[in-house]
Structures are given as C-alpha cells and as structure tokens.
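K.L.:
One structure is given below, represented as structure tokens, and several questions about it will come after.
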Amino acid sequence: MASLRGENNWSCVNMASGTCNDTENDISQLRKQLTVARNEIHNLRQQIKALGHNHQKEVERIQNMLDSWRCQSCNSSTTTPSVPEDGVSLRPIGVISTWFPEKKGTPRQPGICVNSQGKLTLFNSVFTNPEHALEGLEGFSHMWILFHFHKNDSSHVRAKVSPPRLNGARTGVFGTRSPHRPSPIGLSLVAINKVEGSSVYFCGVDMVDGTPVLDIKPYIPLYDNPLHCETPTLRLLDGREAEDEPASTSPGDTNLSPVMCTTQPARPESRIGEREAPDGEEGARPSLLPPVGTQNERTSGPQVRIPSWITQPPVHKLKVTFSDRAKAQLENIERDSENTENPETSIRNVLQEDPRSVYLRERWGNQFYTFLICNLHVSCKFDDSVHTVTVFQVKSAGKLCECGQPEWQCSAHGES
C-alpha cells in the first residue's frame, strides 16, 4: 500500500509540473503574439500618419492649382512669362572668319582695330538659300552682330570682374562688357563692306576666328542712337510710317503711340561712289549730331551717361614703336603679300590699347609678348615705366620651315 501511495504522489507531481510547463509555454506564446500585434498596430499608425501627410500635400497642390489657374486669354496677356528651368537653346546661324585665331591679342572693342577685316558666312543648314536672308542688308552701312564667346573657359560665374581699363579694380559684371558673363553672348557694332552671296564682309573686328554667330541686325541710328530721340512725333507700332505728314489721331485710336524720335529731312539723291545712308539717317550729317555731354545735349535731349573709367581709364594708352628689323620684315611681307591692307596700322591699334590682361600686366610687366594677327606672328616687349611697347619681330604665321613647323615656332630656323 505504501508503495502505491508513493507512486500516486509522484504521478501527481509529474502532472502538476507538466501543467506548469504548458502554462508557461502558453504565456510565452501569448506574449510573442502580443508583441507582434503591438508592432503591427504601430506600423498601421505610421502608415495612417503618412497617408494623412500625403493627403494634406495633395490638397495643398490642388488648392495652388486652383488659385493660379488662368484661362487661355489671361495666360496670353500675363506680364510674367515662365522661364524654362533647363535654359534656352540657341542655334548659330553662321560663323565668323577673322585675323585673330586666339583670344590673346584680339581687340576688346570693334573700334580699336577699325581696319581689321572679317567675314560672316551663313550656314546653309539654317536657310536653304542663305543669300535670300541677306537681301536688303547692303542698304545699311553698319550692323549689330550677336555672337557666342565660344572660347570662354570660366569654370563658374562671377558677380564681379576686373576690366583691364580699371587696372585691377573690381566692379559688377553687368556694369562692364566683359566676355565672362552668365550667358556668354557678345554684341558688336561693325561697318559693312559688302554683301556677297551668303557672306557679309565687314571691318572693325573684335571676335576670335571661328566665332559662332547667333543673329545679325542692321544698325538704325533713329532707333539705336539715343541722341536721335529728341523731337516727339507719332509713329505706328505695327511698322507703318507716315509718308509726308503725320496722320491725325483720335483719342479712341489705340493703334498709335507717341514715341520720342528725331524728324529727318527728305532723302537726298544718292551720289555716285557714296554708300547709301542707313534707314533713319538719310540727310543727317555726323557733325550735326550733338556729342555726349555738350550743352545742346544736356538742355534739349536725353543725357547719355557712361562711367568715368570708360572715358578716363586709370591705364595709359601706350606708345607703339617698331624696330628697324620689324620694319624691314613688314616691308618684305607687304611686298610679297597680295593683301592690300596695311598690317602695321592694325598691329599699332591693337598694341596701343594694351591687349594684356591685368594679371599679365602686374605679374610680368616688362616681359615679351606675342600674338597672332592677319596670319602674322608679332613679337614685342612692353615697358610699363615709360608706357611704351616695341615691336621687334614680325613673321609670317603660315610660313613653314624645313622641319615642317611654322617658322615662328622653330628656334633652329634662320632668318630668310
């Protein structure tokens, strides 16, 4: 009996322990399931929060669209056009051939080297017959050329630049005509020599050879020269002009608008051998135009202002001299060349305005300087102490020596 009681007691103990183990396992499983449920609830709350945020943004976007919506007529009359974020793409219409193959030595303004010749050739890929696009341009004496500074190698845009005429001082880029601009577009006023086929020959070059051209426009002093805008007259905005007398207008006529212009006398008969004056300049003599800053201009016309560093720069205009050797070389070049232009005048015009950058001027003030112009290689030396520059050698840039290199680059080649 005693043994049976002991066995029963052990059985009860084992059953109790097994029940406890099962209970602990169940509790552990329940805790795990509770943790998973809590995590799921947390994830659902995050998703609901994100959905609410996205919903709010969508509501705001729709509200902005409704606030900024305009009908088609309103959009056509809006004064704030949208600008594409990816910029504006411009297509060159032609290319310029000049005397200057490099930036070094190229005149900074078209009036510095007025004798330098240039040729603008239109691409036949833009127009099937490019010569048709130039029809009528021969009636003008000057034209504007808009071009791309394709040899600008600036890594970033600068708000301030150092123009050479300021001798190192800095000023805003839009207060200068520096080529280093956010949009590297150049503008030059040149004199037209002739229009031949799809090409325009001009003088007064300040572009590098191979410069892409974006557009050309005829120069009309009546519109482009502010000193002409003196006498108030009525002009039609649609391009029509009064022939003999200005047409009378009524208060309800909205096609007319008063514009300040200069009345010009009747067109005189063209004389043989003279270029026809550009539109708006007929009968006007340059000597009759009031110069900038005169009493006539200050009292009766608009004032044209330019900074003093343009008219009175802190740098000197240099005196250019040619050595006997350079003069003899120029005489030989002029004798052998078929070109009727005088390269000495062009070289002198370039050098007297000091083509060096401010950095070269300050760092290497009295060093040798070379540049290419009109298929010539010019070597000179500046003397900043007396503001002079001496040209000591002029060689043909296209002449090859025995080794196959250009003569001016070969140190072993003797004088011809």
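Letters A, B, ... go to the chains of the structure tokens in the order shown; residues in each chain start at 1; ligands are counted from 1 in the same order.
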Extract the full set of helix (DSSP H, G or I) residues from region 184-236 of chain A according to DSSP on the backbone, and format it as a PyMOL selection string.

P.N.:
chain A and resi 221-224+226-228

K.L.:
Using the selection just defined, write its residues with all heavy atoms as a compact mmCIF listing (two decimals), in the first residue's frame.

P.N.:
# COMPACT_ATOMS: atom_id res chain seq x y z
N PRO A 221 20.34 104.39 -86.67
CA PRO A 221 20.56 105.43 -85.66
C PRO A 221 19.26 106.00 -85.09
O PRO A 221 19.21 106.39 -83.93
CB PRO A 221 21.36 106.51 -86.41
CG PRO A 221 22.00 105.78 -87.54
CD PRO A 221 21.05 104.69 -87.93
N LEU A 222 18.20 106.02 -85.90
CA LEU A 222 16.94 106.57 -85.43
C LEU A 222 16.42 105.82 -84.21
O LEU A 222 15.76 106.40 -83.36
CB LEU A 222 15.91 106.51 -86.56
CG LEU A 222 14.51 107.08 -86.26
CD1 LEU A 222 14.62 108.57 -85.95
CD2 LEU A 222 13.57 106.83 -87.41
N TYR A 223 16.73 104.52 -84.13
CA TYR A 223 16.28 103.71 -83.02
C TYR A 223 17.40 103.34 -82.05
O TYR A 223 17.16 103.16 -80.85
CB TYR A 223 15.64 102.42 -83.54
CG TYR A 223 14.65 102.64 -84.65
CD1 TYR A 223 14.80 102.01 -85.89
CD2 TYR A 223 13.57 103.51 -84.49
CE1 TYR A 223 13.90 102.22 -86.91
CE2 TYR A 223 12.67 103.72 -85.50
CZ TYR A 223 12.83 103.08 -86.72
OH TYR A 223 11.94 103.30 -87.74
N ASP A 224 18.62 103.18 -82.57
CA ASP A 224 19.72 102.67 -81.75
C ASP A 224 20.53 103.75 -81.07
O ASP A 224 21.22 103.47 -80.10
CB ASP A 224 20.65 101.80 -82.60
CG ASP A 224 19.96 100.58 -83.16
OD1 ASP A 224 18.91 100.21 -82.61
OD2 ASP A 224 20.46 99.99 -84.14
N PRO A 226 20.52 106.97 -78.85
CA PRO A 226 19.60 107.75 -78.00
C PRO A 226 19.68 109.24 -78.25
O PRO A 226 18.75 109.98 -77.91
CB PRO A 226 20.05 107.40 -76.58
CG PRO A 226 21.46 106.95 -76.72
CD PRO A 226 21.55 106.27 -78.06
N LEU A 227 20.76 109.73 -78.85
CA LEU A 227 20.87 111.16 -79.12
C LEU A 227 19.94 111.60 -80.24
O LEU A 227 19.75 112.79 -80.46
CB LEU A 227 22.31 111.52 -79.48
CG LEU A 227 23.33 111.28 -78.37
CD1 LEU A 227 24.71 111.71 -78.83
CD2 LEU A 227 22.95 112.02 -77.11
N HIS A 228 19.38 110.65 -80.98
CA HIS A 228 18.42 111.00 -82.03
C HIS A 228 17.02 111.19 -81.46
O HIS A 228 16.16 111.75 -82.12
CB HIS A 228 18.36 109.89 -83.09
CG HIS A 228 19.45 109.99 -84.09
ND1 HIS A 228 19.29 110.62 -85.29
CD2 HIS A 228 20.73 109.54 -84.07
CE1 HIS A 228 20.41 110.54 -85.98
NE2 HIS A 228 21.30 109.89 -85.27

K.L.:
Here is a test: counting only C-alpha atoms, which residue of A:Ala159, A:Leu189, A:Val173, A:Ile112 is nearest to Trp144 (chain A)?

P.N.:
A:Leu189

K.L.:
What is the CA of Ile333 (chain A) to CA of Asn375 (chain A) distance in Å?

P.N.:
10.7 Å

K.L.:
Figure out the distance between CA of Leu187 (chain A) and CA of Met143 (chain A), please, to one decimal in Å.

P.N.:
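Separating CA of Met143 (chain A) from CA of Leu187 (chain A) is a distance of 10.3 Å.
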
K.L.:
My list of candidates is A:Thr171, A:Thr311, A:Arg108, A:His377. Which is closest to Leu330 (chain A) when distances are computed with only C-alpha atoms?

P.N.:
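Going through A:Thr171, A:Thr311, A:Arg108, A:His377 one by one, the smallest distance to Leu330 (chain A) is for A:His377.
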
K.L.:
Using only C-alpha atoms, which of the listed residues (A:Arg165, A:Gln56, A:Val126, A:Gly87) sits closest to Pro307 (chain A)?

P.N.:
A:Arg165

K.L.:
Give me, please, the distance in Å between CA of Lys104 (chain A) and CA of Ser154 (chain A), quoted to one decimal.

P.N.:
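Here the two named atoms are 15.5 Å from each other.
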